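Text of coords30.txt, listed as compact mmCIF, C-alpha atoms:
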```txt
# COMPACT_ATOMS: atom_id res chain seq x y z
CA MET A 224 14.76 -6.64 -12.40
CA VAL A 225 18.03 -5.04 -11.27
CA ALA A 226 19.28 -1.93 -13.03
CA GLU A 227 22.63 -0.39 -12.10
CA ARG A 228 24.00 3.12 -12.60
CA LYS A 229 27.66 3.99 -12.21
CA ASP A 230 29.55 7.29 -11.91
CA GLU A 231 33.03 8.34 -10.87
CA ASN A 232 32.51 8.07 -7.13
CA THR A 233 29.85 5.49 -6.40
CA VAL A 234 27.62 2.77 -7.72
CA ASN A 235 23.90 3.33 -7.40
CA SER A 236 21.32 0.75 -8.28
CA VAL A 237 17.61 0.39 -8.76
CA VAL A 238 15.85 -2.86 -7.96
CA LEU A 239 12.31 -3.26 -9.30
CA THR A 240 10.19 -6.33 -8.63
CA ALA A 241 6.80 -7.56 -9.82
CA PRO A 242 3.83 -6.34 -7.76
CA TYR A 243 1.38 -8.34 -5.71
CA SER A 244 -1.09 -9.87 -8.17
CA SER A 245 -4.29 -11.83 -7.95
CA GLU A 246 -4.05 -15.00 -5.89
CA GLY A 247 -2.73 -17.98 -7.80
CA ASP A 248 -0.67 -15.83 -10.16
CA THR A 249 2.58 -17.79 -10.56
CA THR A 250 4.47 -14.88 -12.17
CA VAL A 251 5.29 -13.58 -8.68
CA ASP A 252 7.49 -15.53 -6.26
CA TYR A 253 7.83 -14.02 -2.80
CA SER A 254 8.69 -17.27 -1.08
CA THR A 255 10.36 -16.94 2.31
CA PRO A 256 12.87 -19.15 4.18
CA ASN A 257 11.67 -22.06 6.28
CA ILE A 258 10.63 -21.36 9.86
CA CYS A 259 13.94 -22.56 11.36
CA THR A 260 15.96 -20.13 9.24
CA ARG A 261 13.61 -17.28 10.09
CA LEU A 262 13.63 -17.97 13.84
CA PHE A 263 17.43 -18.24 13.82
CA SER A 264 17.63 -14.86 12.07
CA LEU A 265 15.38 -13.40 14.76
CA LEU A 266 17.52 -14.77 17.59
CA LYS A 267 20.66 -13.61 15.81
CA ASN A 268 19.22 -10.09 15.81
CA VAL A 269 18.97 -9.89 19.61
CA ARG A 270 21.71 -7.61 20.91
CA PRO A 271 23.78 -8.14 24.06
CA GLY A 272 21.83 -6.97 27.09
CA SER A 273 18.43 -7.63 25.55
CA ASP A 274 15.74 -8.82 27.96
CA VAL A 275 15.29 -12.41 26.73
CA THR A 276 12.26 -12.87 28.97
CA ARG A 277 10.43 -10.81 26.36
CA LEU A 278 11.44 -13.09 23.50
CA GLN A 279 8.02 -14.73 23.45
CA VAL A 280 6.47 -11.31 22.87
CA CYS A 281 9.01 -10.68 20.11
CA LEU A 282 8.06 -13.89 18.34
CA CYS A 283 4.36 -13.04 18.54
CA GLN A 284 5.09 -9.56 17.16
CA THR A 285 7.01 -11.09 14.30
CA ILE A 286 4.16 -13.41 13.30
CA VAL A 287 1.59 -10.65 13.57
CA PHE A 288 3.49 -7.93 11.76
CA SER A 289 4.61 -10.28 8.99
CA ASN A 290 0.96 -10.94 8.21
CA MET A 291 0.08 -7.27 8.53
CA ALA A 292 2.46 -6.26 5.74
CA ILE A 293 3.85 -3.74 8.24
CA GLU A 294 7.05 -3.93 10.24
CA PRO A 295 7.14 -3.14 13.95
CA ASN A 296 9.33 -0.07 14.44
CA GLU A 297 11.07 -1.58 17.43
CA LEU A 298 11.42 -5.23 18.39
CA ALA A 299 10.95 -5.81 22.14
CA GLY A 300 11.82 -2.18 22.80
CA HIS A 301 15.56 -2.66 22.24
CA GLY A 302 15.88 -1.10 18.81
CA SER A 303 16.27 -4.44 17.02
CA LYS A 304 14.50 -4.35 13.67
CA LEU A 305 12.68 -7.22 12.00
CA PRO A 306 15.35 -9.26 10.15
CA PRO A 307 15.15 -9.35 6.33
CA THR A 308 14.19 -13.04 6.30
CA PHE A 309 10.71 -11.73 7.11
CA ASN A 310 10.65 -9.18 4.26
CA VAL A 311 9.69 -9.17 0.59
CA PRO A 312 12.08 -7.29 -1.76
CA LYS A 313 10.19 -4.00 -1.84
CA SER A 314 9.11 -1.13 0.37
CA LEU A 315 5.58 -0.61 1.68
CA LEU A 316 5.69 2.69 -0.23
CA GLN A 317 6.04 0.71 -3.46
CA CYS A 318 3.15 -1.58 -2.51
CA ASN A 319 0.91 1.44 -1.99
CA GLY A 320 1.93 2.88 -5.35
CA GLU A 321 1.42 -0.41 -7.17
CA SER A 322 -2.26 -0.41 -6.23
CA ILE A 323 -2.61 2.74 -8.38
CA TYR A 324 -0.34 2.22 -11.40
CA CYS A 325 -0.09 -1.59 -11.64
CA MET A 326 -3.20 -2.63 -13.57
CA ASN A 327 -3.87 -4.27 -16.91
CA GLN A 328 -6.64 -1.73 -17.58
CA ASP A 329 -6.80 2.02 -17.02
CA MET A 330 -9.42 1.82 -14.27
CA LEU A 331 -8.62 5.32 -13.01
CA GLY A 332 -8.84 7.02 -16.41
CA LYS A 333 -12.17 5.29 -17.12
CA CYS A 334 -13.72 7.08 -14.13
CA ALA A 335 -13.67 10.32 -16.11
CA GLU A 336 -15.19 8.73 -19.23
CA GLY A 337 -18.65 8.08 -17.82
CA ASN A 338 -21.41 9.90 -19.69
CA SER A 339 -23.52 10.56 -16.59
CA PRO A 340 -22.92 11.17 -12.86
CA LEU A 341 -24.30 7.72 -12.08
CA GLU A 342 -22.07 6.00 -14.62
CA ARG A 343 -19.04 7.85 -13.25
CA MET A 344 -19.92 6.78 -9.70
CA ILE A 345 -20.15 3.15 -10.84
CA ARG A 346 -16.70 3.43 -12.40
CA VAL A 347 -15.27 5.03 -9.26
CA VAL A 348 -16.66 2.14 -7.22
CA ALA A 349 -15.00 -0.36 -9.58
CA TRP A 350 -11.70 1.53 -9.41
CA SER A 351 -11.83 1.67 -5.61
CA ILE A 352 -12.29 -2.12 -5.47
CA SER A 353 -9.36 -2.61 -7.85
CA THR A 354 -6.98 -0.95 -5.36
CA VAL A 355 -7.62 -3.74 -2.82
CA ARG A 356 -5.04 -6.47 -3.38
CA PRO A 357 -4.62 -9.86 -1.69
CA ALA A 358 -2.37 -9.43 1.36
CA HIS A 359 0.82 -11.50 1.37
CA PRO A 360 0.52 -14.15 4.10
CA ASP A 361 4.17 -14.88 4.83
CA ALA A 362 6.29 -11.73 4.71
CA ALA A 363 6.15 -7.96 5.12
CA PRO A 364 7.32 -5.15 2.85
CA LEU A 365 10.22 -3.07 4.13
CA ASN A 366 9.30 -0.22 6.46
CA PRO A 367 9.85 3.09 4.54
CA ILE A 368 12.37 5.55 5.95
CA LEU A 369 11.44 9.18 6.57
CA GLY A 370 11.44 11.15 3.33
CA GLU A 371 11.54 8.06 1.13
CA THR A 372 9.78 8.57 -2.21
CA HIS A 373 8.40 6.43 -5.02
CA HIS A 374 7.85 7.99 -8.46
CA VAL A 375 6.40 5.98 -11.36
CA SER A 376 4.50 6.76 -14.57
CA ARG A 377 1.95 4.62 -16.40
CA GLY A 378 1.21 6.22 -19.76
CA THR A 379 0.08 9.78 -18.95
CA LEU A 380 -0.59 8.91 -15.29
CA ASN A 381 2.22 10.12 -13.02
CA VAL A 382 2.30 8.85 -9.42
CA LEU A 383 4.39 10.19 -6.52
CA LEU A 384 4.47 8.92 -2.94
CA GLU A 385 6.42 10.18 0.05
CA GLN A 386 6.83 8.87 3.60
CA VAL A 387 5.94 12.06 5.48
CA SER A 388 6.22 10.60 9.00
CA HIS A 389 8.04 7.62 10.49
CA HIS A 390 6.66 7.61 14.05
CA PRO A 391 3.83 7.02 13.36
CA PRO A 392 4.30 5.82 9.77
CA VAL A 393 2.29 8.09 7.44
CA THR A 394 2.27 7.92 3.64
CA ALA A 395 1.12 10.64 1.24
CA LEU A 396 0.27 10.08 -2.43
CA HIS A 397 -0.34 12.45 -5.35
CA ALA A 398 -1.19 11.27 -8.86
CA THR A 399 -2.18 13.32 -11.90
CA ASP A 400 -3.22 12.42 -15.43
CA GLU A 401 -3.42 15.53 -17.60
CA ALA A 402 -4.80 13.56 -20.55
CA SER A 403 -7.70 12.07 -18.59
CA LYS A 404 -7.93 15.16 -16.36
CA VAL A 405 -7.84 13.10 -13.20
CA GLU A 406 -6.12 13.87 -9.89
CA LEU A 407 -5.74 11.64 -6.84
CA VAL A 408 -4.58 12.70 -3.39
CA TRP A 409 -4.42 10.54 -0.30
CA CYS A 410 -2.97 10.42 3.20
CA GLN A 411 -2.75 7.09 5.03
CA ASN A 412 -1.54 5.62 8.31
CA PHE A 413 -2.16 2.42 10.31
CA LEU A 414 -3.33 1.75 13.86
CA PRO A 415 -3.21 -1.93 15.03
CA LYS A 416 -5.53 -3.10 17.81
CA PHE A 417 -5.60 -6.48 19.54
CA GLN A 418 -9.00 -8.20 19.28
CA GLY A 419 -8.52 -11.42 21.29
CA THR A 420 -8.09 -13.96 18.47
CA GLY A 421 -6.14 -11.61 16.23
CA ILE A 422 -5.26 -8.06 15.27
CA GLU A 423 -7.40 -5.50 13.52
CA THR A 424 -5.29 -2.89 11.79
CA GLU A 425 -7.32 0.25 11.28
CA VAL A 426 -6.35 1.91 8.02
CA HIS A 427 -6.83 5.64 8.50
CA SER A 428 -7.01 6.60 4.85
CA LYS A 429 -8.31 9.85 3.40
CA ARG A 430 -8.57 9.55 -0.37
CA LYS A 431 -9.82 12.19 -2.78
CA LEU A 432 -10.35 11.51 -6.45
CA TYR A 433 -10.89 14.61 -8.58
CA LEU A 434 -12.50 14.43 -12.03
CA LEU A 435 -11.38 17.84 -13.26
CA GLU A 436 -13.48 17.97 -16.43
CA THR A 437 -16.76 17.68 -14.49
CA GLY A 438 -15.58 19.37 -11.29
CA GLU A 439 -16.39 16.34 -9.14
CA CYS A 440 -14.57 15.17 -6.01
CA TYR A 441 -15.05 11.63 -4.70
CA GLN A 442 -14.00 11.20 -1.08
CA MET A 443 -13.44 7.69 0.26
CA ASN A 444 -11.67 5.57 2.83
CA PHE A 445 -10.17 2.06 2.75
CA PRO A 446 -10.99 -1.27 4.49
CA ASN A 447 -9.07 -2.48 7.53
CA LEU A 448 -6.55 -5.31 7.58
CA MET A 449 -7.63 -8.26 9.74
CA ILE A 450 -4.95 -10.62 11.06
CA LYS A 451 -6.38 -13.85 12.45
CA LEU A 452 -4.15 -15.89 14.78
CA PHE A 453 -6.66 -18.57 15.84
CA PRO A 454 -7.98 -21.08 14.92
CA VAL A 455 -6.55 -20.73 11.38
CA PRO A 456 -3.88 -18.02 10.89
CA GLY A 457 -4.42 -15.65 8.00
CA CYS A 458 -4.94 -12.05 6.97
CA ASP A 459 -7.38 -10.19 4.76
CA TRP A 460 -9.23 -6.93 4.24
CA ALA A 461 -12.54 -6.24 6.00
CA GLY A 462 -14.70 -3.31 7.00
CA ASN A 463 -16.85 -0.55 5.57
CA VAL A 464 -15.89 1.85 2.80
CA LYS A 465 -17.91 4.94 1.93
CA ILE A 466 -17.54 6.86 -1.32
CA LYS A 467 -19.28 10.23 -1.51
CA CYS A 468 -19.56 12.91 -4.16
CA LYS A 469 -21.24 16.13 -2.98
CA GLU A 470 -21.31 17.58 -6.50
CA THR A 471 -23.54 14.81 -7.88
CA GLY A 472 -25.44 13.93 -4.71
CA LEU A 473 -24.44 10.27 -5.03
CA GLU A 474 -22.70 7.97 -2.61
CA ALA A 475 -21.74 4.32 -2.31
CA GLU A 476 -21.47 2.06 0.72
CA LEU A 477 -19.31 -1.05 0.46
CA CYS A 478 -18.82 -3.75 3.09
CA TYR A 479 -15.80 -6.04 2.79
CA LYS A 480 -16.85 -9.17 4.65
CA PRO A 481 -14.35 -10.89 6.97
CA ASN A 482 -13.64 -14.56 6.36
CA SER A 483 -15.54 -17.20 8.30
CA LEU A 484 -14.03 -18.73 11.44
CA PHE A 485 -12.15 -21.43 9.50
CA SER A 486 -11.80 -19.41 6.24
CA PHE A 487 -14.15 -21.72 4.35
CA GLY A 488 -17.34 -21.12 2.38
CA SER A 489 -18.58 -18.68 -0.22
CA ASN A 490 -18.18 -15.73 2.17
CA LYS A 491 -14.42 -15.60 1.63
CA ARG A 492 -13.41 -12.16 0.33
CA SER A 493 -17.00 -11.23 -0.40
CA ILE A 494 -18.25 -7.69 -0.84
CA LYS A 495 -21.73 -6.23 -0.49
CA GLY A 496 -22.92 -2.70 -0.96
CA LYS A 497 -25.17 -0.18 -2.63
CA ILE A 498 -25.12 3.03 -4.64
CA ILE A 499 -27.46 5.62 -3.16
CA GLU A 500 -29.03 8.96 -3.99
CA SER A 501 -27.93 11.03 -1.00
CA SER A 502 -30.95 13.36 -0.76
CA SER A 503 -33.60 10.62 -0.73
CA SER A 504 -31.53 7.61 0.47
CA LYS A 505 -32.95 5.77 -2.53
CA VAL A 506 -30.94 2.69 -3.47
CA LEU A 507 -30.13 2.82 -7.18
CA TYR A 508 -27.85 -0.21 -7.46
CA GLU A 509 -26.96 -3.15 -5.26
CA VAL A 510 -23.33 -4.27 -5.27
CA SER A 511 -22.24 -7.87 -4.65
CA GLY A 512 -19.53 -10.37 -5.44
CA HIS A 513 -15.96 -11.13 -4.39
CA TRP A 514 -13.33 -8.42 -4.58
CA ASP A 515 -10.61 -10.87 -5.64
CA ARG A 516 -12.81 -12.32 -8.43
CA THR A 517 -15.82 -10.53 -9.90
CA VAL A 518 -18.14 -7.82 -8.61
CA THR A 519 -21.57 -7.05 -10.10
CA ILE A 520 -24.23 -4.38 -9.71
CA LYS A 521 -27.99 -4.90 -9.89
CA ASP A 522 -30.28 -2.13 -11.11
CA THR A 523 -33.06 -1.88 -8.51
CA THR A 524 -35.54 -0.55 -11.09
CA ASN A 525 -35.36 -3.41 -13.62
CA GLY A 526 -33.28 -6.13 -11.96
CA LYS A 527 -30.59 -6.11 -14.65
CA VAL A 528 -27.18 -7.33 -13.50
CA LYS A 529 -23.78 -6.46 -14.99
CA VAL A 530 -20.15 -7.05 -14.08
CA ILE A 531 -18.27 -3.88 -13.13
CA TYR A 532 -15.01 -5.50 -11.99
CA ASP A 533 -13.15 -8.67 -12.95
CA ALA A 534 -9.91 -9.14 -10.98
CA SER A 535 -8.58 -11.72 -13.47
CA GLN A 536 -8.54 -9.04 -16.18
CA VAL A 537 -7.22 -6.22 -14.03
CA ILE A 538 -4.59 -7.58 -11.59
CA PHE A 539 -3.47 -10.90 -13.09
CA GLY A 540 -0.02 -11.35 -14.63
CA LEU A 541 1.28 -7.95 -13.54
CA ARG A 542 4.91 -7.23 -14.43
CA ALA A 543 7.64 -5.25 -12.76
CA PRO A 544 8.06 -1.57 -13.65
CA THR A 545 11.05 -0.71 -15.84
CA LEU A 546 13.77 1.90 -15.59
CA LYS A 547 13.50 4.49 -18.38
CA ASN A 548 15.90 7.25 -17.35
CA GLU A 549 18.43 6.18 -14.73
CA GLU A 550 20.02 9.64 -14.45
CA GLU A 551 16.77 11.14 -13.14
CA VAL A 552 16.16 8.64 -10.36
CA SER A 553 16.07 10.41 -7.00
CA PRO A 554 18.39 9.23 -4.19
CA SER A 555 15.27 8.98 -2.02
CA GLU A 556 13.53 6.60 -4.46
CA SER A 557 12.40 3.39 -2.73
CA ALA A 558 13.92 1.19 -5.42
CA THR A 559 17.29 2.91 -4.79
CA VAL A 560 17.17 3.24 -1.00
CA TRP A 561 16.53 -0.50 -0.53
CA ALA A 562 18.38 -1.76 -3.64
CA ASP A 563 21.13 -3.65 -1.80
CA VAL A 564 18.66 -5.17 0.67
CA CYS A 565 16.25 -6.24 -2.08
CA ARG A 566 18.99 -7.73 -4.24
CA ALA A 567 20.21 -9.80 -1.30
CA ILE A 568 16.66 -10.94 -0.45
CA ILE A 569 16.11 -12.01 -4.07
CA THR A 570 19.32 -14.06 -4.04
CA LYS A 571 18.56 -15.22 -0.47
CA ASP A 572 21.90 -13.95 0.80
CA TRP A 573 20.56 -13.21 4.28
CA ASP A 574 23.84 -12.01 5.79
CA LYS A 575 24.22 -9.36 3.10
CA ALA A 576 20.57 -8.43 3.42
CA ARG A 577 20.92 -7.98 7.18
CA GLU A 578 24.11 -5.94 6.79
CA ALA A 579 22.56 -3.65 4.16
CA LYS A 580 19.37 -3.17 6.15
CA THR A 581 21.24 -2.43 9.38
CA LYS A 582 23.34 0.18 7.55
CA ILE A 583 20.21 2.02 6.38
CA GLU A 584 18.58 1.89 9.80
CA GLN A 585 21.73 3.08 11.57
CA LYS A 586 22.05 6.00 9.17
CA GLU A 587 18.46 7.00 9.91
CA ARG A 588 19.08 6.89 13.66
CA GLU A 589 22.13 9.13 13.24
CA LEU A 590 20.14 11.63 11.18
CA VAL A 591 17.49 11.78 13.89
CA LYS A 592 20.14 12.38 16.58
CA THR A 593 21.71 15.15 14.51
CA ARG A 594 18.39 16.90 13.92
CA ASN A 595 17.50 16.65 17.60
CA ALA A 596 20.91 17.98 18.65
CA ASN A 597 20.58 20.96 16.29
CA GLY A 598 16.94 21.59 17.14
CA GLU A 599 15.91 21.02 13.52
CA MET A 600 12.44 20.03 12.41
CA TRP A 601 12.14 17.69 9.43
CA SER A 602 9.59 18.62 6.74
CA ALA A 603 8.33 16.70 3.72
CA LYS A 604 9.65 17.72 0.32
CA HIS A 605 6.53 17.15 -1.79
CA PHE A 606 3.63 17.54 0.67
CA ASN A 607 2.30 19.91 3.29
CA THR A 608 1.24 17.95 6.36
CA SER A 609 -0.83 18.61 9.46
CA TYR A 610 -2.13 16.64 12.42
CA SER A 611 -4.84 17.15 15.02
CA LYS A 612 -6.43 14.80 17.55
CA LYS A 613 -9.84 15.50 16.05
CA ASN A 614 -9.04 15.08 12.34
CA GLY A 615 -5.89 12.97 12.38
CA TRP A 616 -3.33 13.36 9.61
CA ASP A 617 -3.88 15.48 6.49
CA CYS A 618 -1.59 15.89 3.50
CA SER A 619 -1.77 18.18 0.49
CA PRO A 620 0.64 18.26 -2.49
CA LYS A 621 2.94 21.25 -2.91
CA SER A 622 2.81 21.01 -6.72
CA LYS A 623 -0.25 21.12 -8.96
CA TYR A 624 0.96 18.31 -11.21
CA VAL A 625 3.20 15.28 -10.81
CA SER A 626 6.02 15.25 -13.36
CA PRO A 627 6.75 12.24 -15.61
CA ALA A 628 8.83 9.64 -13.77
CA PRO A 629 12.09 7.91 -14.69
CA ILE A 630 10.44 4.60 -13.79
CA ILE A 631 7.55 3.45 -15.95
CA TYR A 632 4.92 0.73 -15.82
CA SER A 633 3.55 -0.76 -19.04
CA ALA A 634 0.51 -3.03 -18.95
```
Could you show the structure in this file as structure tokens?
Amino acid sequence: MVAERKDENTVNSVVLTAPYSSEGDTTVDYSTPNICTRLFSLLKNVRPGSDVTRLQVCLCQTIVFSNMAIEPNELAGHGSKLPPTFNVPKSLLQCNGESIYCMNQDMLGKCAEGNSPLERMIRVVAWSISTVRPAHPDAAPLNPILGETHHVSRGTLNVLLEQVSHHPPVTALHATDEASKVELVWCQNFLPKFQGTGIETEVHSKRKLYLLETGECYQMNFPNLMIKLFPVPGCDWAGNVKIKCKETGLEAELCYKPNSLFSFGSNKRSIKGKIIESSSSKVLYEVSGHWDRTVTIKDTTNGKVKVIYDASQVIFGLRAPTLKNEEEVSPSESATVWADVCRAIITKDWDKAREAKTKIEQKERELVKTRNANGEMWSAKHFNTSYSKKNGWDCSPKSKYVSPAPIIYSA
């Protein structure tokens, strides 16, 4: 979808595209150019004076970061950004937001509807799984600029994200639903590490889900992104996730299993875990299944099994958000910042895409130079941020509630 807004002096536009959906969903087409076109665009991006002996490293970086859904900030250390032939028409900020508001069911609101602490924990586990989406294997979202925002509403749920740091890239999110009395706050950044046959991208994510009616806070993290280069290239989520609620004395441990060596077998995208009583370490439920298909829990007291998550019902056939009030769209909105780039990617006009992307990146470099020259410190508009070697990054929202957004998502 492309929505345009005009005034006396300029033409602004908002480009909104369908989110990542469950695998096999044909409603989303993020096809990329053939390898020759993409390699040519990479070579075309090398500036005069670049050290071409490092080109092999550049190509490896390109393959890795495309699969990571994250752009390298600098290509070969010469300031050359990843060309748009390697990008999907949306920002990483939008992808993060989509995992919260793009669902066919209100998984987040249902967390507050549980009649008991145990039932609410089960629903929180299901919601947490629903935020894990299949990684795109061929292209990366655009790297958000400093201060970029993404503001979308889904019914009474209002979601706001802001890129609060660029080096390193750190994203903050705040979502509130006054009807369901739910609040979500998270702070997230990535740390890639080479592991011999691939890259493990540690996702340093601090997520807090508040159920305001019951006074409960569920703290959790997120699985890591595994990029396999050999023997079969691919990428997927793997690692341990812990969900803990001090108020109820319950916690959950989830293990996202990495794919087998050749990505075959029933282990692909499998998940195992348990829901525990913290004080006694007693296992109340066993969790099993596949996070991109169905996940079940088994009651350890009677052996009864029930489905708590079905990806085909939650993240299949997702549509693009729509523009409700174009006059209220912020200039820092992702869908506005990258509008020209995304439109060119959609139409596969790679020269225009490169020109538009370069313009944005050059403007950001000039802003950094100006701030440095004036001795100015940049600060986030919507979040308070802090960093320490011991605790990493922390973010807290400046406002109690997120306001309704000019962009809406309807299931």
(Q) Measuring between only C-alpha atoms, which one of A:Cys410, A:Cys458, A:Cys478, A:Ile450 shows the shortest distance to Asn614 of chain A? (A) A:Cys410
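Taking atom CA of Lys431 of chain A and atom CA of Glu401 of chain A as endpoints, the distance between them is 16.5 Å.
With all atoms listed in the file as the basis for measurement, A:Glu342 is the residue among A:Glu342, A:Asn482, A:Leu380, A:His605 that approaches Tyr508 of chain A most closely.
Proximity ranking of A:Lys505, A:Lys612, A:Leu541, A:Val347 relative to Ser322 of chain A places A:Leu541 first, based on all atoms listed in the file.
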Excluding Val530 of chain A and its own-chain neighbours fewer than 4 positions away, which residues fall within 8 Å of it when counting all atoms listed in the file? Please give them as a short mmCIF file (atom, residue, chain, number, x, y, z; two decimals) with C-alpha atoms, in the frame of the given file.
```
data_model
loop_
_atom_site.label_atom_id
_atom_site.label_comp_id
_atom_site.auth_asym_id
_atom_site.auth_seq_id
_atom_site.Cartn_x
_atom_site.Cartn_y
_atom_site.Cartn_z
CA THR A 517 -15.82 -10.53 -9.90
CA VAL A 518 -18.14 -7.82 -8.61
CA THR A 519 -21.57 -7.05 -10.10
CA ILE A 520 -24.23 -4.38 -9.71
#
```
Q: Would you kindly return, as a count of residues only, each protein, DNA or RNA residue with an atom no farther than 9 Å from any atom of Ser535 of chain A, considering all atoms listed in the file and excluding same-chain residues fewer than 3 positions away?
A: 7
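In terms of minimum interatomic distance to Thr437 of chain A, A:Ala335 ranks closest within A:Ile466, A:Ala398, A:Leu452, A:Ala335, counting only C-alpha atoms.
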(Q) Counting only C-alpha atoms, which residues have an atom no more than 12 Å from (9.7, 4.7, 3.1) in the file's coordinates? Please list them as JSON, numbers by chain. (A) {"A": [293, 294, 313, 314, 315, 316, 317, 318, 319, 320, 364, 365, 366, 367, 368, 369, 370, 371, 372, 373, 384, 385, 386, 387, 388, 389, 390, 392, 393, 394, 395, 555, 556, 557, 558, 559, 560, 561, 583, 584, 587]}
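If you look at atom CA of Val382 of chain A and atom CA of Phe413 of chain A, they are 21.2 Å away from each other.
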Q: Have a look at A:Met449, A:Leu341, A:Ile531, A:Ala402 and name the one nearest to Phe417 of chain A; count all atoms listed in the file.
A: A:Met449
Q: Go ahead and compute the interatomic distance for atom CA of Ile631 of chain A and atom CA of Ala362 of chain A, in Å to one decimal.
A: 25.7 Å
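Minimum atom-to-atom distance to Pro620 of chain A, evaluated using only C-alpha atoms, belongs to A:Trp409 out of A:Trp409, A:Trp514, A:Tyr632, A:Tyr479.
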**Q.** Long-range neighbours of Ile323 of chain A as a ChimeraX atom specification, 10 Å cut-off, all atoms listed in the file, 5 positions minimum in chain
**A.** /A:318,329-331,350-351,353-355,377,380-382,396,398,407
